[in-house]
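Trainee: Quick one, protein_39.csv (CSV, C-alpha atoms):
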chain,number,residue,atom,x,y,z
A,1,MET,CA,0.0,0.0,0.0
A,2,LYS,CA,2.8,2.4,0.9
A,3,THR,CA,4.6,1.6,-2.4
A,4,LEU,CA,1.4,2.3,-4.3
A,5,PHE,CA,0.9,5.6,-2.4
A,6,MET,CA,4.4,6.7,-3.2
A,7,ALA,CA,4.0,5.8,-6.8
A,8,ALA,CA,0.8,7.8,-7.1
A,9,ALA,CA,2.5,10.7,-5.4
A,10,LEU,CA,5.4,10.6,-7.8
A,11,ILE,CA,2.9,10.5,-10.8
A,12,ALA,CA,1.1,13.5,-9.4
A,13,LEU,CA,4.3,15.4,-8.9
A,14,GLY,CA,5.4,14.5,-12.4
A,15,THR,CA,2.1,15.7,-13.8
A,16,THR,CA,2.4,19.0,-11.9
A,17,ALA,CA,5.9,19.5,-13.2
A,18,ALA,CA,4.8,18.8,-16.7
A,19,LEU,CA,2.0,21.3,-16.4
A,20,ALA,CA,4.4,23.9,-15.0
A,21,ALA,CA,6.8,23.3,-17.8
A,22,ASP,CA,4.1,23.7,-20.5
A,23,PRO,CA,3.8,27.5,-21.2
A,24,LEU,CA,0.6,29.4,-21.2
A,25,ILE,CA,0.1,30.8,-24.7
A,26,VAL,CA,-1.2,34.4,-24.9
A,27,TYR,CA,-1.9,36.4,-28.0
A,28,SER,CA,-2.0,40.1,-27.1
A,29,ALA,CA,-2.6,43.3,-29.0
A,30,GLY,CA,0.2,45.2,-27.3
A,31,PRO,CA,1.5,47.5,-26.0
A,32,LYS,CA,4.6,45.3,-25.7
A,33,PRO,CA,5.9,46.8,-22.5
A,34,LEU,CA,2.6,46.0,-20.8
A,35,SER,CA,2.2,42.5,-22.2
A,36,SER,CA,5.8,41.6,-21.2
A,37,ALA,CA,5.4,43.1,-17.7
A,38,LEU,CA,2.2,41.2,-17.1
A,39,ALA,CA,3.7,38.0,-18.3
A,40,GLU,CA,6.8,38.4,-16.2
A,41,GLY,CA,4.8,39.3,-13.1
A,42,PHE,CA,2.5,36.4,-13.5
A,43,THR,CA,5.4,33.9,-14.0
A,44,LYS,CA,7.1,35.3,-10.9
A,45,LYS,CA,3.9,34.8,-8.8
A,46,THR,CA,2.9,31.4,-10.2
A,47,GLY,CA,6.0,29.8,-11.8
A,48,ILE,CA,3.9,29.3,-15.0
A,49,GLU,CA,5.8,30.5,-18.1
A,50,VAL,CA,4.0,32.6,-20.6
A,51,GLN,CA,4.6,32.4,-24.4
A,52,LEU,CA,3.6,35.7,-26.0
A,53,PHE,CA,2.6,36.6,-29.5
A,54,GLU,CA,2.2,40.4,-29.8
A,55,SER,CA,0.8,42.4,-32.7
A,56,ASN,CA,-2.2,44.6,-33.6
A,57,SER,CA,-5.7,43.3,-33.1
A,58,GLY,CA,-6.2,42.4,-36.7
A,59,LYS,CA,-3.1,40.2,-36.8
A,60,VAL,CA,-3.9,38.6,-33.5
A,61,MET,CA,-7.4,37.6,-34.6
A,62,ALA,CA,-6.1,36.5,-38.0
A,63,ARG,CA,-3.6,34.2,-36.3
A,64,TYR,CA,-6.3,32.7,-34.1
A,65,GLU,CA,-8.6,32.1,-37.1
A,66,ALA,CA,-5.8,30.5,-39.1
A,67,GLU,CA,-5.0,28.1,-36.3
A,68,LYS,CA,-8.6,26.9,-35.7
A,69,SER,CA,-7.9,23.4,-37.0
A,70,ASN,CA,-5.1,23.1,-34.6
A,71,PRO,CA,-5.7,25.6,-31.7
A,72,GLN,CA,-2.7,26.9,-29.9
A,73,VAL,CA,-3.7,30.0,-27.9
A,74,ASP,CA,-5.1,30.0,-24.3
A,75,VAL,CA,-5.8,33.7,-23.7
A,76,ILE,CA,-6.4,36.5,-26.1
A,77,VAL,CA,-6.2,40.2,-25.3
A,78,SER,CA,-7.5,42.4,-28.0
A,79,ALA,CA,-7.9,46.2,-28.5
A,80,SER,CA,-11.4,45.6,-30.0
A,81,TRP,CA,-14.4,44.8,-27.8
A,82,GLY,CA,-16.1,43.7,-30.9
A,83,ASP,CA,-13.6,40.8,-31.2
A,84,ALA,CA,-14.7,39.4,-27.9
A,85,ILE,CA,-18.4,39.8,-28.8
A,86,THR,CA,-17.9,38.0,-32.1
A,87,LEU,CA,-16.0,35.1,-30.5
A,88,ASP,CA,-18.5,34.8,-27.6
A,89,GLU,CA,-21.5,34.7,-30.0
A,90,SER,CA,-19.6,32.0,-32.0
A,91,GLY,CA,-19.3,29.9,-28.9
A,92,ASP,CA,-15.5,30.2,-28.9
A,93,LEU,CA,-15.0,31.4,-25.3
A,94,LEU,CA,-14.8,29.7,-22.0
A,95,ALA,CA,-17.1,31.2,-19.4
A,96,TYR,CA,-15.2,32.6,-16.4
A,97,THR,CA,-15.7,35.4,-13.9
A,98,SER,CA,-12.7,36.4,-12.0
A,99,PRO,CA,-13.2,37.3,-8.3
A,100,ASN,CA,-11.0,40.3,-9.0
A,101,ALA,CA,-13.6,41.6,-11.4
A,102,ALA,CA,-15.8,42.7,-8.6
A,103,LYS,CA,-14.4,46.3,-8.9
A,104,VAL,CA,-14.9,46.4,-12.7
A,105,PRO,CA,-18.0,48.3,-13.9
A,106,ALA,CA,-20.7,46.1,-15.3
A,107,TRP,CA,-20.3,47.6,-18.9
A,108,LEU,CA,-16.7,46.4,-18.9
A,109,LYS,CA,-17.4,42.7,-18.2
A,110,THR,CA,-19.6,39.7,-19.1
A,111,GLY,CA,-19.5,36.1,-18.1
A,112,SER,CA,-17.0,35.3,-20.9
A,113,TYR,CA,-14.7,38.3,-21.2
A,114,VAL,CA,-13.6,41.3,-19.2
A,115,ALA,CA,-11.7,44.5,-19.8
A,116,GLN,CA,-8.0,44.7,-19.0
A,117,GLY,CA,-8.5,48.5,-19.3
A,118,ALA,CA,-9.6,51.0,-21.9
A,119,ALA,CA,-8.2,53.7,-24.2
A,120,ALA,CA,-9.8,56.8,-25.5
A,121,LEU,CA,-9.4,58.0,-29.1
A,122,ALA,CA,-8.0,61.5,-29.6
A,123,LEU,CA,-6.7,64.1,-31.9
A,124,VAL,CA,-2.9,64.6,-31.8
A,125,TYR,CA,-0.9,67.3,-33.5
A,126,ASN,CA,2.8,68.2,-33.7
A,127,THR,CA,3.3,71.5,-31.9
A,128,GLU,CA,6.1,72.4,-34.3
A,129,SER,CA,4.0,71.9,-37.5
A,130,GLY,CA,2.7,75.5,-37.5
A,131,VAL,CA,-1.0,74.5,-37.8
A,132,THR,CA,-3.8,75.9,-35.7
A,133,PRO,CA,-4.4,73.4,-32.8
A,134,PRO,CA,-7.5,71.4,-33.6
A,135,ARG,CA,-10.3,71.3,-31.1
A,136,GLN,CA,-13.0,69.2,-32.9
A,137,TRP,CA,-12.8,66.2,-35.2
A,138,SER,CA,-13.9,68.2,-38.2
A,139,ASP,CA,-11.1,70.8,-37.8
A,140,LEU,CA,-8.8,68.4,-39.7
A,141,THR,CA,-10.9,68.9,-42.9
A,142,LYS,CA,-9.9,72.6,-43.0
A,143,PRO,CA,-7.6,73.8,-45.9
A,144,GLU,CA,-4.6,74.4,-43.6
A,145,TYR,CA,-4.5,70.7,-42.9
A,146,LYS,CA,-4.4,69.8,-46.6
A,147,ASP,CA,-2.2,66.7,-47.0
A,148,LEU,CA,-1.1,66.9,-43.4
A,149,VAL,CA,-3.4,64.3,-41.7
A,150,THR,CA,-3.1,60.6,-41.0
A,151,MET,CA,-5.5,58.1,-39.5
A,152,PRO,CA,-5.1,54.5,-38.4
A,153,ASP,CA,-6.8,52.2,-40.9
A,154,PRO,CA,-10.0,50.7,-39.4
A,155,ALA,CA,-9.2,47.6,-41.4
A,156,GLU,CA,-6.2,47.1,-39.2
A,157,SER,CA,-6.9,48.9,-36.0
A,158,GLY,CA,-9.8,47.8,-33.8
A,159,SER,CA,-9.8,51.1,-31.9
A,160,ALA,CA,-10.0,53.1,-35.1
A,161,LEU,CA,-13.0,51.1,-36.1
A,162,THR,CA,-14.6,51.8,-32.8
A,163,LEU,CA,-14.1,55.5,-33.3
A,164,VAL,CA,-15.7,55.4,-36.8
A,165,GLN,CA,-18.7,53.5,-35.4
A,166,GLY,CA,-19.0,55.9,-32.5
A,167,LEU,CA,-18.9,59.0,-34.6
A,168,VAL,CA,-21.4,57.5,-37.1
A,169,ALA,CA,-23.7,56.7,-34.1
A,170,LYS,CA,-23.5,60.3,-32.9
A,171,LYS,CA,-23.5,62.2,-36.2
A,172,GLY,CA,-25.1,59.9,-38.7
A,173,ASP,CA,-24.6,61.0,-42.3
A,174,ALA,CA,-22.6,64.0,-41.2
A,175,ALA,CA,-19.9,61.6,-40.0
A,176,TRP,CA,-19.7,59.9,-43.4
A,177,GLN,CA,-19.5,63.4,-45.0
A,178,MET,CA,-16.7,64.3,-42.7
A,179,PHE,CA,-14.7,61.1,-43.6
A,180,ALA,CA,-15.3,62.0,-47.3
A,181,ASP,CA,-14.0,65.6,-46.6
A,182,LEU,CA,-11.0,64.2,-44.8
A,183,HIS,CA,-10.2,62.0,-47.8
A,184,ALA,CA,-10.7,65.0,-50.2
A,185,ASN,CA,-8.3,67.0,-47.9
A,186,GLY,CA,-5.6,64.4,-48.5
A,187,MET,CA,-5.8,62.3,-45.3
A,188,ILE,CA,-3.8,59.1,-45.5
A,189,LEU,CA,-4.4,55.7,-43.8
A,190,PRO,CA,-0.9,54.2,-43.8
A,191,GLY,CA,-1.7,51.2,-41.6
A,192,ALA,CA,-2.2,50.5,-37.9
A,193,HIS,CA,-1.6,53.0,-35.1
A,194,ALA,CA,2.2,53.2,-35.3
A,195,ALA,CA,2.2,53.8,-39.0
A,196,ALA,CA,-0.2,56.7,-38.6
A,197,LEU,CA,1.6,58.3,-35.6
A,198,ASN,CA,5.2,58.1,-36.8
A,199,PRO,CA,4.9,60.7,-39.6
A,200,VAL,CA,3.5,63.1,-37.1
A,201,LEU,CA,6.3,62.5,-34.6
A,202,GLN,CA,8.7,63.2,-37.4
A,203,ASN,CA,6.8,66.3,-38.4
A,204,ALA,CA,6.3,65.0,-41.9
A,205,LYS,CA,2.5,65.2,-41.2
A,206,ALA,CA,0.8,67.6,-38.7
A,207,ALA,CA,-2.0,65.6,-37.1
A,208,VAL,CA,-3.5,62.2,-36.4
A,209,PHE,CA,-7.3,61.6,-36.5
A,210,GLY,CA,-8.1,59.0,-33.9
A,211,ALA,CA,-4.8,58.3,-32.1
A,212,VAL,CA,-4.9,55.9,-29.2
A,213,ASP,CA,-4.4,58.2,-26.2
A,214,TYR,CA,-2.2,56.2,-24.0
A,215,ILE,CA,0.4,55.7,-26.7
A,216,VAL,CA,0.7,59.4,-27.5
A,217,LEU,CA,0.5,60.4,-23.9
A,218,GLY,CA,3.5,58.2,-23.3
A,219,GLN,CA,5.4,59.7,-26.3
A,220,LYS,CA,4.6,63.2,-25.0
A,221,ALA,CA,6.0,62.2,-21.6
A,222,LYS,CA,9.2,61.2,-23.3
A,223,GLY,CA,9.6,64.7,-24.8
A,224,GLU,CA,8.0,64.4,-28.2
A,225,LYS,CA,6.6,67.7,-29.5
A,226,ILE,CA,3.0,66.7,-29.6
A,227,GLU,CA,-0.3,67.6,-27.9
A,228,VAL,CA,-3.3,65.4,-27.2
A,229,VAL,CA,-6.8,66.8,-27.7
A,230,PHE,CA,-10.0,65.1,-26.5
A,231,PRO,CA,-12.8,66.9,-28.5
A,232,SER,CA,-15.5,68.4,-26.3
A,233,GLU,CA,-18.2,67.0,-28.7
A,234,GLY,CA,-17.1,63.6,-27.5
A,235,THR,CA,-14.9,60.6,-28.2
A,236,VAL,CA,-15.2,56.8,-27.7
A,237,LEU,CA,-13.6,54.4,-25.3
A,238,ALA,CA,-12.0,51.3,-26.7
A,239,PRO,CA,-12.0,48.6,-24.0
A,240,ARG,CA,-9.4,46.0,-24.2
A,241,PRO,CA,-11.1,42.6,-23.7
A,242,MET,CA,-9.3,39.6,-22.1
A,243,MET,CA,-10.8,36.2,-22.9
A,244,ILE,CA,-10.0,32.5,-22.5
A,245,VAL,CA,-10.7,30.4,-25.6
A,246,LYS,CA,-12.7,27.2,-25.1
A,247,THR,CA,-10.1,25.1,-26.8
A,248,SER,CA,-7.4,26.1,-24.2
A,249,LYS,CA,-5.3,23.2,-23.0
A,250,HIS,CA,-4.4,25.1,-19.8
A,251,ALA,CA,-7.8,26.5,-18.7
A,252,GLU,CA,-6.8,26.7,-15.0
A,253,ALA,CA,-3.6,28.5,-15.7
A,254,ALA,CA,-5.5,30.8,-18.1
A,255,LYS,CA,-8.0,31.7,-15.3
A,256,GLN,CA,-5.1,32.5,-13.0
A,257,PHE,CA,-3.7,34.8,-15.7
A,258,ILE,CA,-7.0,36.7,-15.9
A,259,ASP,CA,-7.0,36.9,-12.1
A,260,TYR,CA,-3.5,38.3,-12.1
A,261,MET,CA,-4.3,40.9,-14.8
A,262,LEU,CA,-7.2,42.1,-12.7
A,263,SER,CA,-5.3,42.1,-9.4
A,264,ILE,CA,-4.2,45.4,-7.9
A,265,GLU,CA,-0.6,44.6,-9.1
A,266,GLY,CA,-1.8,43.8,-12.6
A,267,GLN,CA,-4.0,46.9,-12.8
A,268,GLU,CA,-1.3,49.1,-11.6
A,269,ARG,CA,0.9,47.8,-14.4
A,270,VAL,CA,-2.0,48.7,-16.8
A,271,ALA,CA,-2.1,52.2,-15.3
A,272,LYS,CA,1.6,52.7,-15.6
A,273,GLN,CA,1.2,52.4,-19.4
A,274,LEU,CA,-1.3,55.3,-19.2
A,275,ILE,CA,-4.2,53.0,-20.0
A,276,LEU,CA,-7.4,53.5,-18.0
A,277,PRO,CA,-7.5,50.6,-15.5
A,278,ALA,CA,-10.6,48.4,-15.6
A,279,ARG,CA,-10.9,48.5,-11.8
A,280,THR,CA,-12.4,51.6,-10.4
A,281,ASP,CA,-10.2,51.3,-7.2
A,282,VAL,CA,-7.0,51.6,-9.1
A,283,LYS,CA,-5.9,55.2,-9.9
A,284,ALA,CA,-5.5,56.3,-13.5
A,285,LEU,CA,-2.3,58.2,-14.3
A,286,ARG,CA,-3.9,60.2,-17.1
A,287,PRO,CA,-7.3,61.8,-17.7
A,288,GLY,CA,-9.9,59.5,-16.2
A,289,TYR,CA,-13.4,58.4,-17.1
A,290,ASP,CA,-14.9,61.4,-15.4
A,291,GLU,CA,-12.7,63.9,-17.3
A,292,LEU,CA,-13.7,62.7,-20.8
A,293,THR,CA,-16.9,63.3,-22.8
A,294,ILE,CA,-17.8,59.8,-23.9
A,295,ILE,CA,-20.0,58.9,-26.8
A,296,GLU,CA,-22.1,55.9,-25.8
A,297,VAL,CA,-21.9,53.1,-28.3
A,298,ASP,CA,-23.7,49.8,-28.7
A,299,TYR,CA,-20.8,47.4,-28.8
A,300,VAL,CA,-23.0,44.4,-29.6
A,301,LYS,CA,-24.7,46.2,-32.5
A,302,ASP,CA,-21.3,47.5,-33.7
A,303,ALA,CA,-19.8,44.0,-33.7
A,304,LYS,CA,-22.5,42.8,-36.0
A,305,GLU,CA,-22.1,45.7,-38.3
A,306,ALA,CA,-18.3,45.9,-38.3
A,307,GLU,CA,-17.8,44.5,-41.8
A,308,ALA,CA,-20.4,46.8,-43.3
A,309,ILE,CA,-18.8,49.8,-41.6
A,310,ARG,CA,-15.4,48.8,-42.7
A,311,SER,CA,-16.7,48.4,-46.3
A,312,ARG,CA,-18.4,51.7,-46.3
A,313,PHE,CA,-15.4,53.5,-44.8
A,314,LYS,CA,-13.2,52.0,-47.5
A,315,SER,CA,-15.6,53.2,-50.2
A,316,VAL,CA,-15.8,56.7,-48.8
A,317,THR,CA,-12.1,57.1,-48.2
A,318,GLY,CA,-10.8,55.2,-51.2
A,319,SER,CA,-8.6,53.1,-48.9
Using the file provided, produce a representation of the structure as structure tokens.

Mentor:
Amino acid sequence: MKTLFMAAALIALGTTAALAADPLIVYSAGPKPLSSALAEGFTKKTGIEVQLFESNSGKVMARYEAEKSNPQVDVIVSASWGDAITLDESGDLLAYTSPNAAKVPAWLKTGSYVAQGAAALALVYNTESGVTPPRQWSDLTKPEYKDLVTMPDPAESGSALTLVQGLVAKKGDAAWQMFADLHANGMILPGAHAAALNPVLQNAKAAVFGAVDYIVLGQKAKGEKIEVVFPSEGTVLAPRPMMIVKTSKHAEAAKQFIDYMLSIEGQERVAKQLILPARTDVKALRPGYDELTIIEVDYVKDAKEAEAIRSRFKSVTGS
């Protein structure tokens, strides 16, 4: 009996060691410093290694779809709330509510996904460009901004798509006319966020329409000659959903990772990147929810209409 007990114990230890040696696979839509810091902090606390794939939301979701016949990923962090809605409605997500989500507002969580934090979309201009500082979205259609504006492409940026949908919800046809006017004024859509921001940092262009605020606030803090403007007419929040896929081979470790990202330590790491933390008891280190005029959006409706909105935006802007 003692021999059998010892054998069983050795098998159990071997299984635990095998699980610990098997990395948790996380696909994350940046920012890289945050993804890496969260992975390192989680490994330090649990001993579970994390294997990261980091890119923009479009590439993260494309990789997930490409691997569906042989699923690899355990946890996905996207910059588009619509991605989580779509996966949830397709039955791809594992239901889980972290105990650390108690301080997350109801609109930033469901039974299958929860926000890591949120970004706001903003106007950004180079202070050495010589242009009149913009105050409203439509200011970038003015002649002095001719050929000087960039925008992240909604086909590649989930947050840019959220902004387009929010402005259309608020302004209706006037929003589509504004996008057409921006196109006529020479606005370019060079790719995802970095591709749109870099020409403005280099002063080759003057302004970004729809920059992700935490990225540009971070660049400004490093000394870049830029200013961030949140239009008084309103902007949108782009929550960053975290979700466990149903095909995860490490579901318990994945739950622990969600718990860690929603812990005080994890949320303070989120705040350090100038992202709005999901938890209301963790202080934001930038303009908070109460300091922004937020356009209310129907994320479920937007997820269903995403392809139609992308298609119409492409038609209007010639992108």

Trainee: Which protein, DNA or RNA residues have an atom at most 10 Å from (-10.5, 56.3, -25.9), counting all atoms listed in the file? List them as a PyMOL selection string.

Mentor: chain A and resi 118-122+159-160+162-163+210-214+230+234-239+275-276+289+292-295

Trainee: I need the residue nearest Gln267 (chain A) from this list: A:Met61, A:Met187, A:Val282, A:Leu108. Use all atoms listed in the file for the distance.

Mentor: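 Nearest to Gln267 (chain A): A:Val282.
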
Trainee: For Pro134 (chain A), which residue among A:Glu227, A:Asp281, A:Glu156, A:Asp147 is the nearest when counting only C-alpha atoms?

Mentor: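 When distances to Pro134 (chain A) are compared using only C-alpha atoms, the smallest one comes from A:Glu227.
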
Trainee: What are the closest atom pairs, with distances in Å to one decimal, for each residue of region 111-227 of chain A lying within 8 Å of region 95-98 of chain A, using only C-alpha atoms, rows by chain and rising residue number, as JSON lines?

Mentor:
{"residue": "A:Gly111", "atom": "CA", "partner": "A:Ala95", "partner_atom": "CA", "distance": 5.6}
{"residue": "A:Ser112", "atom": "CA", "partner": "A:Ala95", "partner_atom": "CA", "distance": 4.4}
{"residue": "A:Tyr113", "atom": "CA", "partner": "A:Tyr96", "partner_atom": "CA", "distance": 7.5}

Trainee: What is the distance, in Å and to one decimal place, between CA of Gln51 (chain A) and CA of Ile25 (chain A)?

Mentor: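 One can read the CA of Gln51 (chain A) to CA of Ile25 (chain A) distance as 4.8 Å.
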
Trainee: Taking (-9.1, 44.8, -27.0) in the file's own coordinates, collect the residues within 9 Å, counting only C-alpha atoms, and hand them back as a ChimeraX atom specification.

Mentor: /A:28-29,57,76-84,115-118,158-159,238-242

Trainee: In Å to one decimal, how far is CA of Val124 (chain A) from CA of Glu144 (chain A)?

Mentor: 15.4 Å

Trainee: Please provide the set of residues having any atom within 12 Å of Phe179 (chain A), restricted to only C-alpha atoms, with same-chain residues fewer than 6 positions apart removed, written as a PyMOL selection string.

Mentor: chain A and resi 137-141+149-151+163-165+167-168+171-173+185-189+209-210+312-319

Trainee: If I take CA of Ser248 (chain A) and CA of Pro33 (chain A), how far is one from the other in Å, to one decimal?

Mentor: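 Those two atoms sit 24.7 Å apart.
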
Trainee: Between A:Pro199, A:Gly30, A:Pro99, A:Gly58, single out the one closest to Ser263 (chain A), counting all atoms listed in the file.

Mentor: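 Checking each candidate against Ser263 (chain A), we get A:Pro99 as the closest.
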
Trainee: Return the single residue from A:Met178, A:Val216, A:Met261, A:Ala206 that is closest to Ala194 (chain A), with distances computed using all atoms listed in the file.

Mentor: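 Of the candidates, the smallest distance to Ala194 (chain A) is held by A:Val216.
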
Trainee: Would you kindly return, as a list in words, each protein, DNA or RNA residue with an atom no farther than 8 Å from any atom of Glu268 (chain A), considering all atoms listed in the file and excluding same-chain residues fewer than 2 positions away?

Mentor: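 These residues fall inside the cut-off: Ile264, Glu265, Gly266, Val270, Ala271, Lys272, Pro277, Val282 and Lys283 of chain A.
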
Trainee: Copy region 294-318 of chain A out of the block into a file, keeping N, CA and C atoms, as an mmCIF file, in the first residue's frame.

Mentor:
data_model
loop_
_atom_site.group_PDB
_atom_site.id
_atom_site.type_symbol
_atom_site.label_atom_id
_atom_site.label_comp_id
_atom_site.auth_asym_id
_atom_site.auth_seq_id
_atom_site.Cartn_x
_atom_site.Cartn_y
_atom_site.Cartn_z
ATOM 1 N N ILE A 294 -17.756 61.104 -23.201
ATOM 2 C CA ILE A 294 -17.768 59.801 -23.862
ATOM 3 C C ILE A 294 -19.036 59.633 -24.704
ATOM 4 N N ILE A 295 -18.838 59.229 -25.955
ATOM 5 C CA ILE A 295 -19.955 58.886 -26.823
ATOM 6 C C ILE A 295 -20.382 57.457 -26.490
ATOM 7 N N GLU A 296 -21.628 57.283 -26.141
ATOM 8 C CA GLU A 296 -22.119 55.938 -25.831
ATOM 9 C C GLU A 296 -22.282 55.143 -27.122
ATOM 10 N N VAL A 297 -21.783 53.933 -27.096
ATOM 11 C CA VAL A 297 -21.894 53.075 -28.280
ATOM 12 C C VAL A 297 -22.525 51.745 -27.889
ATOM 13 N N ASP A 298 -23.143 51.109 -28.857
ATOM 14 C CA ASP A 298 -23.725 49.785 -28.661
ATOM 15 C C ASP A 298 -22.724 48.773 -29.205
ATOM 16 N N TYR A 299 -21.907 48.222 -28.326
ATOM 17 C CA TYR A 299 -20.818 47.354 -28.774
ATOM 18 C C TYR A 299 -21.333 46.091 -29.469
ATOM 19 N N VAL A 300 -22.458 45.570 -28.998
ATOM 20 C CA VAL A 300 -23.010 44.360 -29.621
ATOM 21 C C VAL A 300 -23.474 44.661 -31.047
ATOM 22 N N LYS A 301 -24.209 45.736 -31.203
ATOM 23 C CA LYS A 301 -24.667 46.156 -32.529
ATOM 24 C C LYS A 301 -23.473 46.457 -33.437
ATOM 25 N N ASP A 302 -22.466 47.135 -32.878
ATOM 26 C CA ASP A 302 -21.289 47.489 -33.669
ATOM 27 C C ASP A 302 -20.534 46.256 -34.142
ATOM 28 N N ALA A 303 -20.472 45.240 -33.297
ATOM 29 C CA ALA A 303 -19.773 44.010 -33.689
ATOM 30 C C ALA A 303 -20.461 43.357 -34.884
ATOM 31 N N LYS A 304 -21.789 43.365 -34.888
ATOM 32 C CA LYS A 304 -22.541 42.760 -35.981
ATOM 33 C C LYS A 304 -22.399 43.560 -37.277
ATOM 34 N N GLU A 305 -22.187 44.869 -37.135
ATOM 35 C CA GLU A 305 -22.120 45.727 -38.317
ATOM 36 C C GLU A 305 -20.695 46.082 -38.716
ATOM 37 N N ALA A 306 -19.712 45.467 -38.063
ATOM 38 C CA ALA A 306 -18.314 45.856 -38.276
ATOM 39 C C ALA A 306 -17.899 45.766 -39.739
ATOM 40 N N GLU A 307 -18.206 44.659 -40.397
ATOM 41 C CA GLU A 307 -17.771 44.491 -41.783
ATOM 42 C C GLU A 307 -18.437 45.507 -42.699
ATOM 43 N N ALA A 308 -19.710 45.788 -42.438
ATOM 44 C CA ALA A 308 -20.413 46.775 -43.264
ATOM 45 C C ALA A 308 -19.820 48.164 -43.078
ATOM 46 N N ILE A 309 -19.447 48.495 -41.833
ATOM 47 C CA ILE A 309 -18.849 49.802 -41.557
ATOM 48 C C ILE A 309 -17.472 49.900 -42.214
ATOM 49 N N ARG A 310 -16.677 48.837 -42.087
ATOM 50 C CA ARG A 310 -15.352 48.837 -42.730
ATOM 51 C C ARG A 310 -15.482 49.029 -44.233
ATOM 52 N N SER A 311 -16.456 48.310 -44.813
ATOM 53 C CA SER A 311 -16.651 48.388 -46.255
ATOM 54 C C SER A 311 -17.054 49.797 -46.693
ATOM 55 N N ARG A 312 -17.994 50.416 -45.961
ATOM 56 C CA ARG A 312 -18.426 51.737 -46.336
ATOM 57 C C ARG A 312 -17.307 52.758 -46.128
ATOM 58 N N PHE A 313 -16.555 52.626 -45.041
ATOM 59 C CA PHE A 313 -15.435 53.536 -44.791
ATOM 60 C C PHE A 313 -14.423 53.428 -45.915
ATOM 61 N N LYS A 314 -14.144 52.214 -46.355
ATOM 62 C CA LYS A 314 -13.197 52.025 -47.460
ATOM 63 C C LYS A 314 -13.695 52.675 -48.731
ATOM 64 N N SER A 315 -15.000 52.571 -48.967
ATOM 65 C CA SER A 315 -15.585 53.176 -50.158
ATOM 66 C C SER A 315 -15.515 54.699 -50.100
ATOM 67 N N VAL A 316 -15.795 55.253 -48.924
ATOM 68 C CA VAL A 316 -15.812 56.713 -48.753
ATOM 69 C C VAL A 316 -14.430 57.313 -48.846
ATOM 70 N N THR A 317 -13.444 56.596 -48.291
ATOM 71 C CA THR A 317 -12.086 57.146 -48.217
ATOM 72 C C THR A 317 -11.167 56.643 -49.328
ATOM 73 N N GLY A 318 -11.642 55.693 -50.131
ATOM 74 C CA GLY A 318 -10.803 55.164 -51.191
ATOM 75 C C GLY A 318 -9.626 54.364 -50.685
#
